[in-house]
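*Asks:* I'm passing along my_file_34.tsv; it holds TSV, C-alpha atoms.
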```tsv
chain	number	residue	atom	x	y	z
A	272	ASP	CA	-1.51	53.96	-2.44
A	273	ALA	CA	-0.51	51.15	-4.76
A	274	GLU	CA	-3.38	49.01	-5.93
A	275	ILE	CA	-4.70	46.57	-8.49
A	276	THR	CA	-7.81	47.45	-10.44
A	277	GLN	CA	-10.03	45.58	-12.86
A	278	SER	CA	-12.49	46.85	-15.42
A	279	PRO	CA	-15.27	46.52	-16.13
A	280	ARG	CA	-16.63	45.24	-12.83
A	281	HIS	CA	-19.65	43.74	-14.54
A	282	LYS	CA	-20.06	42.72	-18.17
A	283	ILE	CA	-22.86	41.08	-20.10
A	284	THR	CA	-22.04	39.88	-23.60
A	285	GLU	CA	-23.35	37.53	-26.23
A	286	THR	CA	-22.00	34.20	-27.37
A	287	GLY	CA	-19.34	34.58	-30.05
A	288	ARG	CA	-18.30	38.12	-29.21
A	289	GLN	CA	-14.72	39.05	-28.34
A	290	VAL	CA	-14.37	40.41	-24.83
A	291	THR	CA	-11.36	41.99	-23.12
A	292	LEU	CA	-11.07	42.32	-19.36
A	293	ALA	CA	-8.55	44.84	-18.09
A	294	CYS	CA	-6.18	44.47	-15.14
A	295	HIS	CA	-3.89	47.27	-13.97
A	296	GLN	CA	-1.52	47.28	-11.01
A	297	THR	CA	0.56	50.11	-9.63
A	298	TRP	CA	2.84	48.04	-7.38
A	299	ASN	CA	5.39	47.52	-10.15
A	300	HIS	CA	5.06	43.78	-9.57
A	301	ASN	CA	6.75	41.44	-12.01
A	302	ASN	CA	4.17	38.68	-11.78
A	303	MET	CA	0.53	38.88	-12.83
A	304	PHE	CA	-2.15	36.20	-12.88
A	305	TRP	CA	-5.68	35.67	-14.14
A	306	TYR	CA	-8.09	33.32	-12.35
A	307	ARG	CA	-11.69	32.37	-12.77
A	308	GLN	CA	-13.85	31.35	-9.85
A	309	ASP	CA	-16.88	29.14	-10.19
A	310	LEU	CA	-19.02	27.42	-7.60
A	311	GLY	CA	-17.62	23.97	-6.95
A	312	HIS	CA	-14.30	24.65	-8.68
A	313	GLY	CA	-12.62	27.26	-6.54
A	314	LEU	CA	-9.98	29.50	-8.09
A	315	ARG	CA	-8.54	28.18	-11.34
A	316	LEU	CA	-5.53	29.69	-13.06
A	317	ILE	CA	-6.11	30.84	-16.64
A	318	HIS	CA	-2.89	32.59	-17.68
A	319	TYR	CA	0.06	34.17	-15.94
A	320	SER	CA	3.06	36.35	-16.70
A	321	TYR	CA	6.42	36.78	-14.99
A	322	GLY	CA	7.35	39.94	-16.83
A	323	VAL	CA	6.98	42.02	-19.99
A	324	GLN	CA	6.58	39.85	-23.08
A	325	ASP	CA	6.28	36.71	-20.94
A	326	THR	CA	3.00	34.76	-20.87
A	327	ASN	CA	2.17	31.22	-19.77
A	328	LYS	CA	-0.89	29.01	-19.91
A	329	GLY	CA	-2.62	27.92	-16.75
A	330	GLU	CA	-4.89	24.97	-16.17
A	331	VAL	CA	-7.94	26.42	-17.97
A	332	SER	CA	-6.45	28.50	-20.79
A	333	ASP	CA	-8.54	27.28	-23.76
A	334	GLY	CA	-10.52	30.15	-25.26
A	335	TYR	CA	-8.48	32.83	-23.48
A	336	SER	CA	-5.39	34.84	-24.36
A	337	VAL	CA	-3.21	37.46	-22.69
A	338	SER	CA	-0.40	39.77	-23.70
A	339	ARG	CA	2.04	41.71	-21.51
A	340	SER	CA	3.39	44.84	-23.16
A	341	ASN	CA	4.25	46.70	-19.95
A	342	THR	CA	4.68	45.95	-16.26
A	343	GLU	CA	1.37	47.43	-15.13
A	344	ASP	CA	-1.18	45.72	-17.38
A	345	LEU	CA	-2.27	42.19	-18.25
A	346	PRO	CA	-5.50	42.24	-20.29
A	347	LEU	CA	-7.43	39.00	-20.66
A	348	THR	CA	-9.18	38.38	-23.98
A	349	LEU	CA	-11.94	35.91	-24.64
A	350	GLU	CA	-11.61	35.33	-28.36
A	351	SER	CA	-15.18	34.08	-28.91
A	352	ALA	CA	-17.18	34.14	-25.73
A	353	ALA	CA	-19.04	30.98	-24.73
A	354	SER	CA	-21.68	30.43	-22.07
A	355	SER	CA	-19.21	28.20	-20.23
A	356	GLN	CA	-17.07	31.29	-19.68
A	357	THR	CA	-19.70	32.92	-17.50
A	358	SER	CA	-17.77	33.36	-14.28
A	359	VAL	CA	-16.11	35.76	-11.89
A	360	TYR	CA	-12.62	36.70	-13.04
A	361	PHE	CA	-9.87	37.82	-10.68
A	362	CYS	CA	-6.56	39.35	-11.54
A	363	ALA	CA	-3.68	39.10	-9.07
A	364	SER	CA	-0.08	40.25	-8.84
A	365	SER	CA	3.00	39.38	-6.83
A	366	GLU	CA	6.50	40.78	-6.56
A	367	SER	CA	9.08	38.08	-6.23
A	368	ALA	CA	11.00	36.18	-8.84
A	369	GLY	CA	12.46	32.82	-7.88
A	370	TRP	CA	10.04	32.47	-4.95
A	371	VAL	CA	6.34	32.03	-4.54
A	372	ASP	CA	5.24	35.20	-2.84
A	373	THR	CA	1.93	36.59	-1.66
A	374	GLN	CA	-0.50	37.38	-4.45
A	375	TYR	CA	-2.71	40.44	-4.15
A	376	PHE	CA	-6.08	40.29	-5.83
A	377	GLY	CA	-8.11	42.83	-7.73
A	378	PRO	CA	-11.82	43.35	-7.01
A	379	GLY	CA	-12.98	40.98	-9.75
A	380	THR	CA	-15.07	41.16	-12.91
A	381	ARG	CA	-18.38	39.34	-13.12
A	382	LEU	CA	-18.88	38.22	-16.71
A	383	THR	CA	-22.14	36.86	-18.06
A	384	VAL	CA	-22.24	35.32	-21.53
A	385	LEU	CA	-25.75	34.97	-22.93
B	116	GLN	CA	-6.33	13.30	-5.31
B	117	LYS	CA	-6.55	17.07	-5.42
B	118	GLU	CA	-3.31	18.95	-4.99
B	119	VAL	CA	-4.72	21.05	-2.14
B	120	GLU	CA	-7.65	19.74	-0.15
B	121	GLN	CA	-9.90	21.49	2.32
B	122	ASN	CA	-13.15	20.50	3.95
B	123	SER	CA	-15.80	22.52	2.15
B	124	GLY	CA	-17.90	22.96	5.27
B	125	PRO	CA	-19.87	24.83	6.21
B	126	LEU	CA	-18.10	24.96	9.54
B	127	SER	CA	-20.33	26.52	12.16
B	128	VAL	CA	-18.96	27.76	15.49
B	129	PRO	CA	-20.49	29.91	18.24
B	130	GLU	CA	-19.20	33.41	18.82
B	131	GLY	CA	-16.15	33.40	21.07
B	132	ALA	CA	-15.13	29.83	20.19
B	133	ILE	CA	-12.02	28.66	18.37
B	134	ALA	CA	-12.49	27.89	14.68
B	135	SER	CA	-10.09	25.34	13.22
B	136	LEU	CA	-9.59	25.18	9.47
B	137	ASN	CA	-7.50	22.45	7.90
B	138	CYS	CA	-5.69	21.93	4.63
B	139	THR	CA	-3.58	19.12	3.19
B	140	TYR	CA	-1.38	19.26	0.12
B	141	SER	CA	0.23	16.67	-2.11
B	142	ASP	CA	3.47	18.26	-3.35
B	143	ARG	CA	6.22	17.52	-0.82
B	144	VAL	CA	8.55	20.22	-2.17
B	145	SER	CA	6.12	23.07	-1.50
B	146	GLN	CA	7.79	25.82	0.52
B	147	SER	CA	5.21	28.57	0.95
B	148	PHE	CA	1.69	28.45	2.31
B	149	PHE	CA	-1.04	31.05	2.52
B	150	TRP	CA	-4.45	31.55	4.03
B	151	TYR	CA	-6.85	33.92	2.30
B	152	ARG	CA	-10.26	35.07	3.48
B	153	GLN	CA	-13.00	35.76	0.96
B	154	TYR	CA	-16.25	37.44	1.87
B	155	SER	CA	-19.23	36.74	-0.36
B	156	GLY	CA	-18.99	38.80	-3.53
B	157	LYS	CA	-15.51	40.07	-2.71
B	158	SER	CA	-11.98	39.16	-3.72
B	159	PRO	CA	-9.60	37.01	-1.65
B	160	GLU	CA	-7.51	38.88	0.89
B	161	LEU	CA	-4.40	37.55	2.61
B	162	ILE	CA	-4.66	36.65	6.28
B	163	MET	CA	-1.44	34.75	6.91
B	164	SER	CA	1.57	33.36	5.16
B	165	ILE	CA	3.80	30.66	6.65
B	166	TYR	CA	7.02	29.17	5.39
B	167	SER	CA	8.54	27.20	8.28
B	168	ASN	CA	7.31	24.31	10.38
B	169	GLY	CA	5.54	25.33	13.54
B	170	ASP	CA	3.14	28.06	14.55
B	171	LYS	CA	2.85	31.66	13.42
B	172	GLU	CA	0.57	33.99	15.31
B	173	ASP	CA	-0.98	37.27	14.23
B	174	GLY	CA	-3.60	38.65	16.57
B	175	ARG	CA	-6.47	36.18	16.80
B	176	PHE	CA	-5.09	34.08	13.96
B	177	THR	CA	-2.56	31.26	14.21
B	178	ALA	CA	-1.25	29.35	11.23
B	179	GLN	CA	0.31	25.95	11.83
B	180	LEU	CA	2.52	24.10	9.37
B	181	ASN	CA	3.70	20.51	9.43
B	182	LYS	CA	5.65	19.73	6.28
B	183	ALA	CA	6.27	16.10	7.23
B	184	SER	CA	2.52	15.51	7.39
B	185	GLN	CA	1.86	17.92	4.48
B	186	TYR	CA	-0.65	19.73	6.61
B	187	VAL	CA	-1.38	23.38	7.27
B	188	SER	CA	-4.09	24.78	9.50
B	189	LEU	CA	-5.56	28.09	10.58
B	190	LEU	CA	-6.93	28.69	14.04
B	191	ILE	CA	-9.17	31.65	14.74
B	192	ARG	CA	-9.50	32.43	18.44
B	193	ASP	CA	-12.44	34.33	19.92
B	194	SER	CA	-14.38	33.93	16.67
B	195	GLN	CA	-16.59	36.86	15.70
B	196	PRO	CA	-19.58	37.01	13.34
B	197	SER	CA	-17.40	39.20	11.12
B	198	ASP	CA	-15.12	36.18	10.61
B	199	SER	CA	-17.91	34.46	8.67
B	200	ALA	CA	-16.43	33.97	5.22
B	201	THR	CA	-14.81	31.38	3.00
B	202	TYR	CA	-11.19	30.60	3.87
B	203	LEU	CA	-8.90	29.57	1.05
B	204	CYS	CA	-5.73	27.60	1.57
B	205	ALA	CA	-3.05	28.17	-1.07
B	206	VAL	CA	0.22	26.34	-1.60
B	207	GLY	CA	3.13	27.78	-3.57
B	208	ARG	CA	4.64	25.85	-6.44
B	209	LEU	CA	7.98	27.10	-7.67
B	210	LEU	CA	8.63	26.52	-11.36
B	211	LEU	CA	12.18	25.83	-12.57
B	212	ASN	CA	13.92	28.97	-13.90
B	213	GLN	CA	10.75	30.99	-13.45
B	214	GLY	CA	8.65	32.38	-10.71
B	215	GLY	CA	5.93	30.43	-9.07
B	216	LYS	CA	2.22	30.05	-8.78
B	217	LEU	CA	-0.33	29.31	-6.10
B	218	ILE	CA	-2.47	26.20	-6.02
B	219	PHE	CA	-5.73	26.90	-4.21
B	220	GLY	CA	-8.00	24.60	-2.30
B	221	GLN	CA	-11.70	24.94	-2.85
B	222	GLY	CA	-12.18	26.79	0.41
B	223	THR	CA	-13.93	26.18	3.71
B	224	GLU	CA	-17.03	28.20	4.51
B	225	LEU	CA	-17.03	29.40	8.11
B	226	SER	CA	-20.15	30.62	9.87
B	227	VAL	CA	-19.84	32.21	13.31
B	228	LYS	CA	-23.17	32.31	15.12
B	229	PRO	CA	-23.87	35.13	17.62
```
Using the file provided, produce a representation of the structure as structure tokens.
*Replies:*
Amino acid sequence: DAEITQSPRHKITETGRQVTLACHQTWNHNNMFWYRQDLGHGLRLIHYSYGVQDTNKGEVSDGYSVSRSNTEDLPLTLESAASSQTSVYFCASSESAGWVDTQYFGPGTRLTVL
Amino acid sequence: QKEVEQNSGPLSVPEGAIASLNCTYSDRVSQSFFWYRQYSGKSPELIMSIYSNGDKEDGRFTAQLNKASQYVSLLIRDSQPSDSATYLCAVGRLLLNQGGKLIFGQGTELSVKP
């Protein structure tokens, strides 16, 4: 069955370190998204991509970067981790172009920055 | 004003009752609307999508959309303790010459008491 996976599921790191969170989907979806979820803030969009080589900033993109070299993967990199980036991170994907379609979410990565 | 607003709850209903979850949105040109359910520690999962004014039913769930009032709701009939979760309302925003993204409300926590 097609799915969307994230790794690692849990990560503890130190302030200042570079961290990369992986997202892989097997639906062949064009669109991929990264969110963070914090108590009191709901789901906030970090970065998104509508296809290979396309990336766009979301509402909370500072300190994060993404690259899209193939359809299946959109890794999220924290260039220099900060305690404020402690959060739960969700990757999502959707199929349609030119329409806002259902997004399907991965299981999430819980990141702690000490 | 937040783009998508939901009552944070918690909303508590007895088992077997109807739970009513409400959501308002600010962007009049929005065309697609979604309800996601999120259990504690899990990722959001789609319950319903709705695109046209009126009601859409799926089992015990009914989504209602009123674009003139910029209002979307979710009714859960015969509520069960297993329905206890946070319900996220999401509104689609289509970007010119691109795909689209979802704007999420902060979620309503539902508790169904046996």
*Asks:* Set out as CSV a contact list for chain A and chain B with a cut-off of 9 Å, giving each residue of chain A that qualifies its closest atom pair and distance in Å to one decimal, counting all atoms listed in the file, ordered by chain and rising residue number.
*Replies:*
```
residue,atom,partner,partner_atom,distance
A:Asn302,CA,B:Gly214,CA,7.8
A:Phe304,CA,B:Lys216,CA,8.6
A:Gly311,CA,B:Gln221,CA,7.3
A:His312,CA,B:Gln221,CA,6.4
A:Gly313,CA,B:Gln221,CA,4.5
A:Leu314,CA,B:Phe219,CA,6.3
A:Arg315,CA,B:Phe219,CA,7.8
A:Leu316,CA,B:Ile218,CA,8.4
A:Tyr319,CA,B:Lys216,CA,8.5
A:Tyr321,CA,B:Gly214,CA,6.5
A:Phe361,CA,B:Ser158,CA,7.4
A:Ser367,CA,B:Gly214,CA,7.3
A:Ala368,CA,B:Gly214,CA,4.8
A:Gly369,CA,B:Gly214,CA,4.8
A:Trp370,CA,B:Gly214,CA,5.9
A:Val371,CA,B:Gly215,CA,4.8
A:Asp372,CA,B:Ser147,CA,7.6
A:Thr373,CA,B:Phe149,CA,7.5
A:Gln374,CA,B:Leu161,CA,8.1
A:Tyr375,CA,B:Glu160,CA,7.1
A:Phe376,CA,B:Ser158,CA,6.4
A:Gly377,CA,B:Ser158,CA,6.7
A:Pro378,CA,B:Ser158,CA,5.3
A:Gly379,CA,B:Ser158,CA,6.4
```
*Asks:* Find the residues near Val290 of chain A: any atom within 9 Å, counting only C-alpha atoms, skip ones fewer than 5 places away on the same chain, and give them as a PDB file with C-alpha atoms, in the coordinates of the input.
*Replies:*
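And here is the file that came out, result-v3.pdb:
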```
ATOM      1  CA  THR A 284     -22.040  39.880 -23.600  1.00  0.00           C
ATOM      2  CA  LEU A 347      -7.430  39.000 -20.660  1.00  0.00           C
ATOM      3  CA  THR A 348      -9.180  38.380 -23.980  1.00  0.00           C
ATOM      4  CA  LEU A 349     -11.940  35.910 -24.640  1.00  0.00           C
ATOM      5  CA  GLU A 350     -11.610  35.330 -28.360  1.00  0.00           C
ATOM      6  CA  SER A 351     -15.180  34.080 -28.910  1.00  0.00           C
ATOM      7  CA  ALA A 352     -17.180  34.140 -25.730  1.00  0.00           C
TER       8      ALA A 352
END
```
*Asks:* Using all atoms listed in the file, find all polymer residues with an atom at most 12 Å away from the point (3.6, 45.2, -24.5); report them as a list in words.
*Replies:*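 The requested residues, written out, are Ser320, Gly322, Val323, Gln324, Asp325, Thr326, Val337, Ser338, Arg339, Ser340, Asn341, Thr342, Glu343, Asp344, Leu345 and Pro346 of chain A.
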*Asks:* Please work out which residues fall within 9 Å of (-16.4, 35.3, 21.0), coordinates as given in the file, with all atoms listed in the file counting, and return them as a list in words.
*Replies:* Pro129, Glu130, Gly131, Ala132, Ile133, Arg192, Asp193, Ser194, Gln195, Pro196, Val227 and Pro229 of chain B
*Asks:* Would you mind reading off the distance between atom CA of His318 of chain A and atom CA of Cys362 of chain A, one decimal, in Å?
*Replies:*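 Calculated distance between atom CA of His318 of chain A and atom CA of Cys362 of chain A is 9.8 Å.
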*Asks:* For a quick check of understanding, using all atoms listed in the file, which of B:Ile162, B:Leu225, B:Arg175, B:Gln121 has the smallest distance to Asn137 of chain B?
*Replies:*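 Among the listed residues, B:Gln121 lies closest to Asn137 of chain B.
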*Asks:* Kindly output segment 354-365 of chain A as a short mmCIF file (atom, residue, chain, number, x, y, z; two decimals), in the frame of the given file, after building all heavy atoms.
*Replies:*
```cif
data_model
loop_
_atom_site.label_atom_id
_atom_site.label_comp_id
_atom_site.auth_asym_id
_atom_site.auth_seq_id
_atom_site.Cartn_x
_atom_site.Cartn_y
_atom_site.Cartn_z
N SER A 354 -20.91 30.40 -23.32
CA SER A 354 -21.68 30.43 -22.07
C SER A 354 -20.90 29.79 -20.92
O SER A 354 -21.08 30.17 -19.75
CB SER A 354 -23.02 29.73 -22.26
OG SER A 354 -22.84 28.40 -22.69
N SER A 355 -20.03 28.85 -21.26
CA SER A 355 -19.21 28.20 -20.23
C SER A 355 -18.19 29.14 -19.61
O SER A 355 -17.57 28.80 -18.59
CB SER A 355 -18.49 27.00 -20.82
OG SER A 355 -17.66 27.40 -21.89
N GLN A 356 -18.01 30.31 -20.21
CA GLN A 356 -17.07 31.29 -19.68
C GLN A 356 -17.75 32.31 -18.77
O GLN A 356 -17.09 33.24 -18.29
CB GLN A 356 -16.34 31.99 -20.82
CG GLN A 356 -15.43 31.03 -21.59
CD GLN A 356 -14.76 31.67 -22.78
OE1 GLN A 356 -15.42 32.31 -23.62
NE2 GLN A 356 -13.45 31.50 -22.88
N THR A 357 -19.03 32.13 -18.53
CA THR A 357 -19.70 32.92 -17.50
C THR A 357 -19.07 32.59 -16.16
O THR A 357 -19.04 31.43 -15.75
CB THR A 357 -21.21 32.60 -17.48
OG1 THR A 357 -21.81 33.06 -18.68
CG2 THR A 357 -21.88 33.25 -16.29
N SER A 358 -18.55 33.61 -15.49
CA SER A 358 -17.77 33.36 -14.28
C SER A 358 -17.41 34.70 -13.63
O SER A 358 -17.70 35.77 -14.16
CB SER A 358 -16.49 32.59 -14.63
OG SER A 358 -15.80 32.19 -13.47
N VAL A 359 -16.76 34.60 -12.50
CA VAL A 359 -16.11 35.76 -11.89
C VAL A 359 -14.62 35.64 -12.13
O VAL A 359 -14.02 34.59 -11.85
CB VAL A 359 -16.40 35.85 -10.38
CG1 VAL A 359 -15.70 37.07 -9.78
CG2 VAL A 359 -17.91 35.94 -10.13
N TYR A 360 -14.04 36.70 -12.67
CA TYR A 360 -12.62 36.70 -13.04
C TYR A 360 -11.84 37.61 -12.11
O TYR A 360 -12.21 38.76 -11.87
CB TYR A 360 -12.46 37.17 -14.49
CG TYR A 360 -13.01 36.18 -15.48
CD1 TYR A 360 -14.36 36.20 -15.82
CD2 TYR A 360 -12.19 35.21 -16.05
CE1 TYR A 360 -14.87 35.27 -16.72
CE2 TYR A 360 -12.69 34.29 -16.96
CZ TYR A 360 -14.04 34.32 -17.28
OH TYR A 360 -14.55 33.40 -18.17
N PHE A 361 -10.75 37.06 -11.56
CA PHE A 361 -9.87 37.82 -10.68
C PHE A 361 -8.48 37.93 -11.28
O PHE A 361 -7.92 36.94 -11.77
CB PHE A 361 -9.76 37.15 -9.31
CG PHE A 361 -11.00 37.21 -8.48
CD1 PHE A 361 -11.80 36.10 -8.32
CD2 PHE A 361 -11.36 38.40 -7.85
CE1 PHE A 361 -12.96 36.17 -7.55
CE2 PHE A 361 -12.51 38.47 -7.07
CZ PHE A 361 -13.30 37.35 -6.93
N CYS A 362 -7.95 39.11 -11.20
CA CYS A 362 -6.56 39.35 -11.54
C CYS A 362 -5.78 39.46 -10.24
O CYS A 362 -6.30 39.93 -9.22
CB CYS A 362 -6.46 40.65 -12.34
SG CYS A 362 -4.82 41.13 -12.83
N ALA A 363 -4.53 39.02 -10.26
CA ALA A 363 -3.68 39.10 -9.07
C ALA A 363 -2.25 39.44 -9.49
O ALA A 363 -1.87 39.23 -10.65
CB ALA A 363 -3.70 37.79 -8.29
N SER A 364 -1.48 39.97 -8.56
CA SER A 364 -0.08 40.25 -8.84
C SER A 364 0.78 39.90 -7.64
O SER A 364 0.30 39.85 -6.51
CB SER A 364 0.12 41.72 -9.24
OG SER A 364 -0.06 42.57 -8.12
N SER A 365 2.05 39.63 -7.91
CA SER A 365 3.00 39.38 -6.83
C SER A 365 4.36 39.90 -7.27
O SER A 365 4.62 40.08 -8.46
CB SER A 365 3.08 37.89 -6.49
OG SER A 365 3.64 37.14 -7.54
#
```
